[in-house]
Amino acid sequence: MISIQQAEPHHRDGWERLWRQNIVNFGAPDMPDDVIDGLWQRILDPDHAMQAWLAIDGTNDDHTVVGLAHLIIHPHTFSLRNVAYLEDFWVSPDHRGGGIGGHMMTALQAQAKKNDWGRLYWLTAGDNHGAQRLYDRLTNRVDSVLYKIDTA
């Protein structure tokens with residue numbers, strides 16, 4: 001059975017295992033340990049805008065972390081309600097195809113409603129067709145163009 005829950009201190013090893021898979025996949029395999037440690041501290045800080053939600057496989061004794069979602073909660077200019085940006089979303093490659101991603105997205109939507117966030121939104125790469133198949137089942141695409149200026 002898969003449960004979705006907000007990250008807690010005892011989830012660190014499972015979260016880090018998945019986070020390292022994610023950063024290798026997305027081209028940042030040399031992320032320094034102090035950055036990973038700092039990210040974890042942000043996740044655990046209830047006063048920080050960042051949250052992590054984890055998919056936990058409870059069918060075994062070690063309750064393996066099999067999915068992660070990082071949210072950034074922030075104000076919105078068109079409403080006084082906050083919105084949630086889904087910055088990272090990752091399911092362990094060994095656990096894909098079993099509905100975990102959809103289960104996580106359903107739980108995140110429920111959390112957004114519970115917290116009265118006006119929107120849950122995210123971006124994905126144009127060539128990330130596997131993720132797009134999931135997202136297309138959940139909602140309609142928004143036609144936008146992303147620009148960015150890296151300053152570091």
# chains A, B, ... in the order shown; residues from 1 in each chain; ligands from 1
>>> residues_around(residues="A:Gly14", least_positions_apart="2", cutoff="8 Å", atoms="only C-alpha atoms", output="PDB file with N, CA, C and O atoms, in the first residue's frame")
ATOM      1  N   HIS A  11      12.597  10.376   7.314  1.00  0.00           N
ATOM      2  CA  HIS A  11      12.533  10.054   5.881  1.00  0.00           C
ATOM      3  C   HIS A  11      13.799  10.454   5.129  1.00  0.00           C
ATOM      4  O   HIS A  11      13.883  10.242   3.916  1.00  0.00           O
ATOM      5  N   ARG A  12      14.764  11.045   5.817  1.00  0.00           N
ATOM      6  CA  ARG A  12      15.931  11.633   5.133  1.00  0.00           C
ATOM      7  C   ARG A  12      16.615  10.663   4.173  1.00  0.00           C
ATOM      8  O   ARG A  12      16.888  11.004   3.023  1.00  0.00           O
ATOM      9  N   GLU A  16      16.692  11.303   0.235  1.00  0.00           N
ATOM     10  CA  GLU A  16      17.971  11.604  -0.416  1.00  0.00           C
ATOM     11  C   GLU A  16      18.277  10.621  -1.542  1.00  0.00           C
ATOM     12  O   GLU A  16      18.798  11.012  -2.593  1.00  0.00           O
ATOM     13  N   ARG A  17      17.955   9.358  -1.349  1.00  0.00           N
ATOM     14  CA  ARG A  17      18.179   8.359  -2.399  1.00  0.00           C
ATOM     15  C   ARG A  17      17.426   8.769  -3.667  1.00  0.00           C
ATOM     16  O   ARG A  17      17.986   8.779  -4.767  1.00  0.00           O
ATOM     17  N   LEU A  18      16.157   9.146  -3.523  1.00  0.00           N
ATOM     18  CA  LEU A  18      15.371   9.560  -4.686  1.00  0.00           C
ATOM     19  C   LEU A  18      15.850  10.898  -5.240  1.00  0.00           C
ATOM     20  O   LEU A  18      15.878  11.097  -6.459  1.00  0.00           O
ATOM     21  N   THR A  64       9.689   1.998   2.306  1.00  0.00           N
ATOM     22  CA  THR A  64      10.549   2.615   1.313  1.00  0.00           C
ATOM     23  C   THR A  64       9.909   3.859   0.702  1.00  0.00           C
ATOM     24  O   THR A  64       8.742   3.845   0.312  1.00  0.00           O
ATOM     25  N   VAL A  65      10.701   4.923   0.584  1.00  0.00           N
ATOM     26  CA  VAL A  65      10.262   6.119  -0.128  1.00  0.00           C
ATOM     27  C   VAL A  65      10.403   5.837  -1.620  1.00  0.00           C
ATOM     28  O   VAL A  65      11.490   5.531  -2.101  1.00  0.00           O
ATOM     29  N   VAL A  66       9.285   5.925  -2.348  1.00  0.00           N
ATOM     30  CA  VAL A  66       9.286   5.585  -3.773  1.00  0.00           C
ATOM     31  C   VAL A  66       8.928   6.769  -4.674  1.00  0.00           C
ATOM     32  O   VAL A  66       8.982   6.653  -5.893  1.00  0.00           O
TER      33      VAL A  66
END
>>> residues_around(residues="A:Asp33", least_positions_apart="6", cutoff="12 Å", atoms="only C-alpha atoms", output="VMD selection string")
chain A and resid 16 19 to 20 39 to 40
>>> select_by_dssp(residues="chain A", states="alpha helix (DSSP H)", output="PyMOL selection string")
chain A and resi 12-25+33-44+100-114+129-138
>>> atom_distance(atom1="atom CA of A:Leu146", atom2="atom CA of A:Asp34")
29.1 Å
>>> residues_around(residues="A:Ala84", least_positions_apart="4", cutoff="12 Å", atoms="only C-alpha atoms", output="compact mmCIF listing (two decimals) with N, CA and C atoms, in the first residue's frame")
# COMPACT_ATOMS: atom_id res chain seq x y z
N ALA A 49 8.88 28.28 2.78
CA ALA A 49 7.88 28.10 1.72
C ALA A 49 7.96 26.74 1.05
N MET A 50 9.03 25.99 1.27
CA MET A 50 9.23 24.72 0.60
C MET A 50 8.65 23.57 1.43
N GLN A 51 8.03 22.65 0.73
CA GLN A 51 7.53 21.41 1.35
C GLN A 51 7.96 20.23 0.50
N ALA A 52 8.08 19.07 1.12
CA ALA A 52 8.29 17.82 0.38
C ALA A 52 7.19 16.85 0.79
N ALA A 69 7.78 14.83 -4.14
CA ALA A 69 7.26 16.05 -4.76
C ALA A 69 7.70 17.22 -3.89
N HIS A 70 8.35 18.20 -4.51
CA HIS A 70 8.75 19.42 -3.81
C HIS A 70 7.82 20.55 -4.24
N LEU A 71 7.18 21.17 -3.27
CA LEU A 71 6.28 22.29 -3.53
C LEU A 71 6.89 23.57 -2.98
N ILE A 72 6.65 24.66 -3.69
CA ILE A 72 6.98 25.99 -3.22
C ILE A 72 5.65 26.74 -3.10
N ILE A 73 5.29 27.11 -1.89
CA ILE A 73 4.03 27.81 -1.64
C ILE A 73 4.34 29.31 -1.67
N HIS A 74 3.57 30.05 -2.47
CA HIS A 74 3.87 31.48 -2.58
C HIS A 74 2.63 32.31 -2.86
N PRO A 75 2.71 33.62 -2.60
CA PRO A 75 1.58 34.51 -2.89
C PRO A 75 1.34 34.60 -4.40
N HIS A 76 0.18 35.09 -4.74
CA HIS A 76 -0.22 35.23 -6.13
C HIS A 76 -0.76 36.63 -6.34
N ASP A 88 9.62 19.93 -8.22
CA ASP A 88 10.23 18.63 -8.53
C ASP A 88 9.20 17.54 -8.29
N LEU A 108 -1.74 15.66 -3.70
CA LEU A 108 -1.32 17.06 -3.73
C LEU A 108 -2.51 17.98 -4.02
N GLN A 109 -3.39 17.56 -4.90
CA GLN A 109 -4.61 18.34 -5.17
C GLN A 109 -5.46 18.45 -3.90
N GLN A 111 -4.41 18.31 -0.85
CA GLN A 111 -3.70 19.19 0.07
C GLN A 111 -3.91 20.65 -0.34
N ALA A 112 -3.89 20.92 -1.64
CA ALA A 112 -4.12 22.28 -2.13
C ALA A 112 -5.51 22.77 -1.73
N LYS A 113 -6.50 21.90 -1.87
CA LYS A 113 -7.86 22.28 -1.48
C LYS A 113 -7.95 22.48 0.03
N ASN A 115 -5.69 23.41 2.08
CA ASN A 115 -4.98 24.63 2.50
C ASN A 115 -5.47 25.89 1.78
N ASP A 116 -6.48 25.73 0.95
CA ASP A 116 -7.08 26.85 0.21
C ASP A 116 -6.07 27.53 -0.71
N TRP A 117 -5.16 26.73 -1.30
CA TRP A 117 -4.26 27.27 -2.30
C TRP A 117 -5.07 27.44 -3.58
N GLY A 118 -4.90 28.54 -4.25
CA GLY A 118 -5.69 28.83 -5.43
C GLY A 118 -5.31 28.01 -6.65
N ARG A 119 -4.13 27.45 -6.63
CA ARG A 119 -3.66 26.73 -7.81
C ARG A 119 -2.50 25.82 -7.44
N LEU A 120 -2.43 24.69 -8.12
CA LEU A 120 -1.26 23.82 -8.13
C LEU A 120 -0.79 23.83 -9.58
N TYR A 121 0.46 24.21 -9.81
CA TYR A 121 0.95 24.30 -11.19
C TYR A 121 2.39 23.82 -11.28
N TRP A 122 2.82 23.48 -12.50
CA TRP A 122 4.15 22.96 -12.72
C TRP A 122 4.53 23.09 -14.18
>>> closest_residue(among="A:Asp57, A:Asp136, A:Asp62, A:Asp37", to="A:Ile100", atoms="only C-alpha atoms")
A:Asp57
>>> residues_around(residues="A:His63", least_positions_apart="5", cutoff="12 Å", atoms="only C-alpha atoms", output="list in words")
Met1, Ile2, Ser3, Ile4, Gln5, His10, His11, Asp13, Gly14, Trp15, Leu54, Ala55, Ile56, Asp57 and Gly58 of chain A
>>> write_last_selection(atoms="C-alpha atoms", output="PDB file, in the first residue's frame")
ATOM      1  CA  MET A   1       0.000   0.000   0.000  1.00  0.00           C
ATOM      2  CA  ILE A   2       1.270   3.465  -0.951  1.00  0.00           C
ATOM      3  CA  SER A   3       0.693   6.394   1.389  1.00  0.00           C
ATOM      4  CA  ILE A   4       1.444  10.030   0.640  1.00  0.00           C
ATOM      5  CA  GLN A   5       2.755  12.098   3.523  1.00  0.00           C
ATOM      6  CA  HIS A  10      13.182   9.972   9.660  1.00  0.00           C
ATOM      7  CA  HIS A  11      12.533  10.054   5.881  1.00  0.00           C
ATOM      8  CA  ASP A  13      17.689   8.540   3.734  1.00  0.00           C
ATOM      9  CA  GLY A  14      14.807   7.550   1.465  1.00  0.00           C
ATOM     10  CA  TRP A  15      14.260  11.121   0.293  1.00  0.00           C
ATOM     11  CA  LEU A  54       6.655  11.552  -0.254  1.00  0.00           C
ATOM     12  CA  ALA A  55       5.111   8.366  -1.554  1.00  0.00           C
ATOM     13  CA  ILE A  56       5.840   5.634   0.985  1.00  0.00           C
ATOM     14  CA  ASP A  57       5.536   1.953   0.137  1.00  0.00           C
ATOM     15  CA  GLY A  58       4.141   0.358   3.281  1.00  0.00           C
TER      16      GLY A  58
END
>>> closest_residue(among="A:Asn82, A:Ala131, A:Leu68, A:Pro32", to="A:Ala107", atoms="only C-alpha atoms")
A:Leu68
